[in-house]
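Trainee: Dropping in protein-v4.txt, with compact mmCIF, C-alpha atoms.
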# COMPACT_ATOMS: atom_id res chain seq x y z
CA MET A 26 17.49 14.46 -6.31
CA LYS A 27 14.77 12.72 -4.32
CA ASN A 28 14.69 12.97 -0.55
CA GLU A 29 13.07 10.36 1.67
CA PRO A 30 9.75 11.61 3.10
CA PRO A 31 9.96 12.79 6.71
CA TYR A 32 7.44 10.14 7.79
CA PRO A 33 8.11 7.07 5.60
CA ILE A 34 5.68 4.13 5.67
CA THR A 35 7.98 1.14 5.55
CA SER A 36 5.43 -1.41 4.37
CA VAL A 37 4.37 0.82 1.47
CA ASP A 38 8.00 1.43 0.54
CA HIS A 39 8.70 -2.32 0.57
CA ALA A 40 5.65 -3.05 -1.62
CA LEU A 41 6.58 -0.38 -4.16
CA HIS A 42 10.22 -1.49 -4.19
CA LEU A 43 9.12 -5.09 -4.74
CA ALA A 44 6.80 -4.10 -7.60
CA THR A 45 9.70 -2.24 -9.22
CA LEU A 46 11.96 -5.28 -8.89
CA LEU A 47 9.35 -7.52 -10.53
CA GLN A 48 8.89 -5.09 -13.40
CA GLN A 49 12.56 -4.39 -14.05
CA GLU A 50 14.34 -7.60 -13.09
CA GLY A 51 11.81 -10.36 -13.75
CA PRO A 52 10.54 -13.32 -11.68
CA LEU A 53 11.55 -13.68 -8.03
CA ARG A 54 11.21 -16.39 -5.40
CA VAL A 55 9.95 -15.47 -1.94
CA SER A 56 13.47 -15.99 -0.61
CA ASP A 57 14.89 -13.71 -3.31
CA ALA A 58 12.37 -10.98 -2.46
CA ALA A 59 13.14 -11.29 1.25
CA GLU A 60 16.87 -10.97 0.62
CA ARG A 61 16.51 -7.96 -1.69
CA LEU A 62 14.24 -6.11 0.76
CA GLY A 63 16.06 -7.17 3.91
CA VAL A 64 12.93 -8.64 5.48
CA SER A 65 11.85 -12.07 6.69
CA PRO A 66 10.45 -14.60 4.19
CA SER A 67 7.04 -14.41 5.89
CA THR A 68 6.96 -10.64 5.41
CA ALA A 69 8.03 -10.99 1.77
CA HIS A 70 5.29 -13.58 1.24
CA ARG A 71 2.64 -11.26 2.67
CA LEU A 72 3.84 -8.39 0.47
CA LEU A 73 3.75 -10.59 -2.63
CA ALA A 74 0.28 -11.85 -1.73
CA MET A 75 -0.98 -8.26 -1.56
CA LEU A 76 0.65 -7.42 -4.90
CA VAL A 77 -1.06 -10.46 -6.44
CA TYR A 78 -4.41 -9.38 -4.97
CA ARG A 79 -4.09 -5.94 -6.57
CA GLY A 80 -2.83 -7.24 -9.92
CA PHE A 81 0.75 -5.99 -9.54
CA ALA A 82 2.10 -9.55 -9.45
CA GLU A 83 1.13 -13.09 -10.35
CA GLN A 84 2.51 -16.45 -9.32
CA ARG A 85 3.99 -18.75 -11.95
CA PRO A 86 3.69 -22.55 -11.98
CA ASP A 87 7.28 -22.76 -10.69
CA ARG A 88 6.14 -20.78 -7.61
CA ARG A 89 8.15 -17.70 -8.56
CA TYR A 90 6.39 -14.34 -8.80
CA GLN A 91 6.40 -12.12 -11.87
CA ALA A 92 5.01 -8.70 -12.78
CA GLY A 93 1.22 -8.69 -13.13
CA ASP A 94 -1.18 -6.99 -15.51
CA VAL A 95 -1.05 -3.62 -13.76
CA LEU A 96 2.69 -3.32 -14.42
CA ARG A 97 2.45 -4.15 -18.12
CA PRO A 98 2.57 -1.17 -20.49
CA ALA A 99 -0.91 -0.45 -21.83
CA ALA A 100 -2.39 1.93 -24.34
CA ALA A 101 -4.18 5.01 -23.07
CA SER A 102 -7.97 4.97 -22.98
CA ARG A 103 -10.01 7.72 -24.62
CA ALA A 104 -12.80 7.21 -22.08
CA PRO A 105 -13.42 9.85 -19.37
CA VAL A 106 -12.36 7.47 -16.60
CA ALA A 107 -12.80 9.79 -13.60
CA LEU A 108 -16.29 10.87 -14.69
CA LEU A 109 -17.31 7.30 -15.49
CA ARG A 110 -16.28 6.09 -12.03
CA GLN A 111 -18.07 8.95 -10.30
CA VAL A 112 -21.29 8.47 -12.25
CA ALA A 113 -21.35 4.69 -12.44
CA LEU A 114 -20.32 3.50 -8.96
CA PRO A 115 -23.64 4.19 -7.17
CA HIS A 116 -25.52 2.33 -9.89
CA LEU A 117 -23.04 -0.54 -9.84
CA HIS A 118 -23.61 -0.90 -6.09
CA ASP A 119 -27.36 -1.01 -6.69
CA LEU A 120 -26.88 -3.62 -9.40
CA VAL A 121 -24.80 -5.79 -7.07
CA ASP A 122 -27.52 -5.56 -4.42
CA HIS A 123 -30.07 -6.70 -7.00
CA VAL A 124 -28.23 -9.56 -8.73
CA ARG A 125 -25.98 -10.58 -5.80
CA GLU A 126 -22.99 -11.02 -8.08
CA SER A 127 -19.88 -8.89 -8.55
CA VAL A 128 -19.90 -6.10 -11.14
CA ASN A 129 -17.09 -4.45 -13.10
CA LEU A 130 -16.73 -1.22 -15.07
CA VAL A 131 -14.49 -1.67 -18.12
CA VAL A 132 -13.01 0.72 -20.70
CA LEU A 133 -11.16 -0.01 -23.92
CA ALA A 134 -7.43 0.81 -24.04
CA GLY A 135 -6.15 -0.12 -27.48
CA THR A 136 -6.85 -3.84 -27.80
CA GLU A 137 -7.10 -4.34 -24.05
CA ALA A 138 -9.99 -4.11 -21.62
CA ARG A 139 -9.04 -2.10 -18.54
CA PHE A 140 -11.04 -2.63 -15.34
CA ILE A 141 -11.46 0.80 -13.77
CA ALA A 142 -13.91 -0.12 -10.99
CA SER A 143 -15.17 -3.27 -9.28
CA VAL A 144 -17.92 -3.86 -6.76
CA GLU A 145 -17.82 -7.26 -5.07
CA CYS A 146 -20.93 -9.07 -3.91
CA ASP A 147 -21.18 -10.50 -0.39
CA GLN A 148 -21.46 -14.18 -1.31
CA VAL A 149 -18.74 -16.44 0.07
CA LEU A 150 -17.98 -17.84 -3.39
CA ARG A 151 -17.64 -14.76 -5.58
CA VAL A 152 -15.54 -13.07 -8.24
CA GLY A 153 -13.07 -10.76 -6.54
CA SER A 154 -12.09 -7.23 -7.53
CA ARG A 155 -10.52 -6.84 -10.97
CA GLU A 156 -9.86 -3.11 -10.56
CA GLY A 157 -6.61 -2.04 -12.18
CA ARG A 158 -6.24 -5.16 -14.31
CA THR A 159 -6.04 -5.30 -18.08
CA LEU A 160 -7.02 -8.29 -20.24
CA PRO A 161 -7.34 -8.87 -23.99
CA ALA A 162 -10.49 -7.03 -25.03
CA HIS A 163 -11.60 -9.65 -27.54
CA LEU A 164 -11.85 -12.25 -24.75
CA THR A 165 -13.62 -10.27 -22.02
CA SER A 166 -17.35 -9.62 -21.98
CA GLY A 167 -16.85 -5.88 -21.38
CA GLY A 168 -14.23 -5.59 -24.10
CA LYS A 169 -16.45 -7.38 -26.62
CA ALA A 170 -19.44 -5.22 -25.69
CA VAL A 171 -17.48 -2.05 -26.48
CA LEU A 172 -15.89 -3.49 -29.63
CA ALA A 173 -19.31 -4.56 -30.94
CA ALA A 174 -20.56 -0.99 -30.59
CA LEU A 175 -17.62 0.52 -32.51
CA PRO A 176 -17.74 1.22 -36.27
CA PRO A 177 -16.35 -1.80 -38.20
CA GLU A 178 -13.47 0.26 -39.59
CA GLU A 179 -12.24 1.02 -36.07
CA VAL A 180 -12.25 -2.67 -35.17
CA ALA A 181 -10.37 -3.42 -38.40
CA ALA A 182 -7.79 -0.75 -37.54
CA LEU A 183 -7.24 -2.30 -34.11
CA TYR A 184 -6.94 -5.92 -35.22
CA GLY A 185 -6.16 -5.85 -38.95
CA GLY A 186 -2.46 -6.41 -38.43
CA SER A 187 -2.75 -8.82 -35.50
CA ASP A 188 -1.34 -12.33 -35.83
CA ASP A 189 -2.99 -13.44 -32.57
CA VAL A 190 -6.59 -12.42 -33.31
CA GLY A 191 -8.38 -13.59 -36.44
CA LEU A 192 -10.38 -10.61 -37.69
CA PRO A 193 -13.04 -12.68 -39.56
CA ARG A 194 -13.80 -14.73 -36.45
CA LEU A 195 -13.85 -11.63 -34.26
CA ARG A 196 -16.29 -9.94 -36.64
CA ARG A 197 -18.62 -12.95 -36.37
CA GLU A 198 -18.43 -12.84 -32.58
CA LEU A 199 -19.18 -9.12 -32.50
CA ALA A 200 -22.11 -9.58 -34.88
CA LEU A 201 -23.54 -12.12 -32.42
CA VAL A 202 -23.05 -9.62 -29.56
CA ARG A 203 -25.02 -7.01 -31.50
CA LYS A 204 -27.77 -9.53 -32.27
CA ARG A 205 -28.09 -10.65 -28.65
CA GLY A 206 -27.71 -7.18 -27.19
CA PHE A 207 -25.05 -8.31 -24.71
CA ALA A 208 -21.62 -9.97 -24.67
CA ILE A 209 -20.61 -13.09 -22.80
CA ASN A 210 -17.27 -14.42 -21.60
CA ASP A 211 -17.64 -18.06 -20.64
CA GLN A 212 -14.30 -19.01 -19.06
CA ARG A 213 -12.21 -17.51 -21.86
CA THR A 214 -10.10 -15.38 -19.51
CA GLU A 215 -10.25 -17.50 -16.37
CA THR A 216 -11.45 -21.03 -15.67
CA GLY A 217 -14.57 -21.01 -13.50
CA LEU A 218 -15.57 -17.42 -14.33
CA THR A 219 -18.47 -16.34 -16.53
CA ALA A 220 -19.46 -12.73 -17.24
CA LEU A 221 -22.15 -10.79 -19.11
CA ALA A 222 -21.74 -7.19 -20.30
CA THR A 223 -23.41 -4.37 -22.18
CA ALA A 224 -21.87 -1.19 -23.54
CA ILE A 225 -22.27 2.25 -21.99
CA ARG A 226 -22.61 5.08 -24.52
CA ASP A 227 -21.96 8.79 -24.14
CA ALA A 228 -24.24 11.63 -25.22
CA SER A 229 -23.17 11.21 -28.86
CA GLY A 230 -23.98 7.49 -28.84
CA ALA A 231 -20.34 6.38 -28.92
CA PRO A 232 -19.36 3.48 -26.62
CA VAL A 233 -17.13 4.68 -23.79
CA ALA A 234 -17.26 1.72 -21.39
CA ALA A 235 -19.12 -1.43 -20.45
CA ALA A 236 -20.71 -2.75 -17.28
CA ALA A 237 -20.26 -6.46 -16.62
CA ILE A 238 -21.77 -8.93 -14.17
CA ALA A 239 -19.16 -11.54 -13.22
CA MET A 240 -19.96 -14.78 -11.42
CA PRO A 241 -18.56 -18.22 -10.66
CA THR A 242 -19.45 -20.48 -13.58
CA ALA A 243 -21.05 -22.87 -11.10
CA ARG A 244 -23.84 -20.29 -10.56
CA PHE A 245 -24.34 -19.46 -14.23
CA HIS A 246 -27.61 -20.75 -15.65
CA ARG A 247 -28.93 -19.79 -19.07
CA ASP A 248 -32.46 -19.56 -17.65
CA HIS A 249 -31.33 -16.53 -15.62
CA VAL A 250 -29.60 -14.67 -18.44
CA SER A 251 -32.60 -12.57 -19.45
CA GLY A 252 -33.07 -11.37 -15.87
CA TRP A 253 -29.40 -10.53 -15.44
CA VAL A 254 -29.28 -8.67 -18.75
CA ALA A 255 -32.45 -6.72 -17.92
CA ALA A 256 -30.94 -5.60 -14.59
CA LEU A 257 -27.69 -4.74 -16.33
CA ASN A 258 -29.48 -2.67 -18.97
CA ARG A 259 -31.40 -0.72 -16.33
CA ALA A 260 -28.17 0.17 -14.56
CA VAL A 261 -26.50 1.12 -17.85
CA SER A 262 -29.45 3.33 -18.81
CA ARG A 263 -29.15 5.23 -15.52
CA VAL A 264 -25.41 5.71 -16.03
CA GLU A 265 -25.98 6.94 -19.59
CA ARG A 266 -28.61 9.46 -18.44
CA GLU A 267 -26.18 10.91 -15.90
CA LEU A 268 -23.39 11.02 -18.50
CA ARG A 269 -25.67 12.99 -20.82
CA SER A 270 -26.52 15.40 -18.00
CA ALA A 271 -22.85 15.86 -17.21
CA ALA A 272 -22.09 16.54 -20.87
Just give me the structure as structure tokens.
Mentor:
Amino acid sequence: MKNEPPYPITSVDHALHLATLLQQEGPLRVSDAAERLGVSPSTAHRLLAMLVYRGFAEQRPDRRYQAGDVLRPAAASRAPVALLRQVALPHLHDLVDHVRESVNLVVLAGTEARFIASVECDQVLRVGSREGRTLPAHLTSGGKAVLAALPPEEVAALYGGSDDVGLPRLRRELALVRKRGFAINDQRTETGLTALATAIRDASGAPVAAAAIAMPTARFHRDHVSGWVAALNRAVSRVERELRSAA
């Protein structure tokens, strides 16, 4: 039996209740959410907006809200997430200061890329936080960077039985990532967003994560790619050195 906490925070309770409704009962209108929670439509709208911001909800074309990426079941990651966040965050902040674009830390969870940390830049037009979200790994720059660094047999085991992802095409894409030394996602997960990523390896040389620079496509210029990748690689090298020390 669960007892209500002695000092409940009503807004938190409403947000968690609403997230549960979206996950278990499916799409809701703002008016539906307000009625279920016993709050005003304006309050329900603000709660839904916050859930969308954090990836717990997303708005459909019919203006109803449904469960977002964070509430979808996802495979567990083998990466040491807590250690990665602790080691990488200072270097991600430095990278953001240098390139003036947002940066994400991504791990592989099955065939999905899970965003475990985000650092936003201070530009008015910028890519917002993706922390907590999961996206198909073969579409994201970070996911492709990690996949390209895996042994081919592991990639085949992940995608060999997939009807949605063509393994021959994916192998060609990953070969290009290895040749370039970085992965790119040019609006494959979101219109108007372009990202570059390189893999982060542990002391044994195995890929455990990727760091990605994400920017509005309007600011992406191929002439700047070498500079962005060089800055990214410097940050990744520092993270890898600290991971080796920790190991």
Trainee: Quick one: distance from CA of Leu175 (chain A) to CA of Asp188 (chain A) in Å, one decimal?
Mentor: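 Separation of CA of Leu175 (chain A) and CA of Asp188 (chain A): 21.0 Å.
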Trainee: Taking (-9.7, -3.6, -8.7) as a centre in this file's frame and 7 Å as the limit, can you find every polymer residue with an atom that close, using only C-alpha atoms, and give them as a list in words?
Mentor: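 Here the neighbourhood of the point contains Arg79, Phe140, Ile141, Ala142, Ser143, Ser154, Arg155, Glu156, Gly157 and Arg158 of chain A.
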Trainee: Of the candidates A:Leu120, A:Ala107, A:Val171, A:Ala44, which shows the shortest atom-to-atom distance to Glu83 (chain A), using all atoms listed in the file?
Mentor: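 Closest to Glu83 (chain A) of all the choices is A:Ala44.
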Trainee: Tell me which of A:Ala74, A:Val64, A:Val180, A:Leu47 sits closest to Arg97 (chain A), counting all atoms listed in the file.
Mentor: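 That would be A:Leu47, the residue with the smallest distance to Arg97 (chain A).
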Trainee: Nearest residue to Leu183 (chain A) out of A:Leu201, A:Asp211, A:Ala134, A:Leu160, using all atoms listed in the file?
Mentor: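 Ranking A:Leu201, A:Asp211, A:Ala134, A:Leu160 by distance to Leu183 (chain A), first place goes to A:Ala134.
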Trainee: Return the single residue from A:Leu192, A:Arg244, A:Arg54, A:Ala40 that is closest to Glu178 (chain A), with distances computed using all atoms listed in the file.
Mentor: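 Closest residue, counting all atoms listed in the file: A:Leu192.
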Trainee: Rank A:Ser65, A:Ser127, A:Gln91, A:Gln84 by their smallest atom-to-atom distance to Thr45 (chain A), using only C-alpha atoms, and report the top residue only.
Mentor: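 Of the candidates, the smallest distance to Thr45 (chain A) is held by A:Gln91.
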Trainee: Work out how far CA of Arg125 (chain A) is from CA of Cys146 (chain A), in Å to one decimal.
Mentor: 5.6 Å
Trainee: Please, what distance in Å, to one decimal, runs between CA of Thr219 (chain A) and CA of Ala239 (chain A)?
Mentor: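 Computing it gives 5.9 Å between the two atoms.
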Trainee: Restricting the calculation to only C-alpha atoms, which member of A:Ala69, A:Leu130, A:Val152, A:Ala231 is positioned closest to Pro176 (chain A)?
Mentor: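 Once distances to Pro176 (chain A) are computed over only C-alpha atoms, the minimum belongs to A:Ala231.
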Trainee: Any idea what's packed within 9 Å of Ala234 (chain A), counting all atoms listed in the file, ignoring anything in its chain fewer than 4 positions away? Could you give it as a PyMOL selection string?
Mentor: chain A and resi 104+106+109+130-133+167-168+170-171+223-227
Trainee: Can you tell me which residues surround Val202 (chain A) at a distance of at most 10 Å, considering only C-alpha atoms, apart from same-chain residues fewer than 6 positions away, and format the answer as a list in words?
Mentor: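 The filter keeps Ser166, Lys169, Ala170, Val171, Leu172, Ala173, Ala174, Arg196, Ala208, Ile209, Ala222 and Thr223 of chain A.
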Trainee: Could you list, as a list in words, every residue within 8 Å of Leu164 (chain A), counting only C-alpha atoms and ignoring same-chain residues fewer than 5 positions away?
Mentor: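 Residues meeting the cut-off are Lys169, Asn210, Arg213 and Thr214 of chain A.
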Trainee: Set the distance at 8 Å and use only C-alpha atoms: which residues neighbour Ile238 (chain A) once local chain neighbours fewer than 2 positions away are removed? I'd like the list as a ChimeraX atom specification.
Mentor: /A:126-129,220-222,236,240,253,257
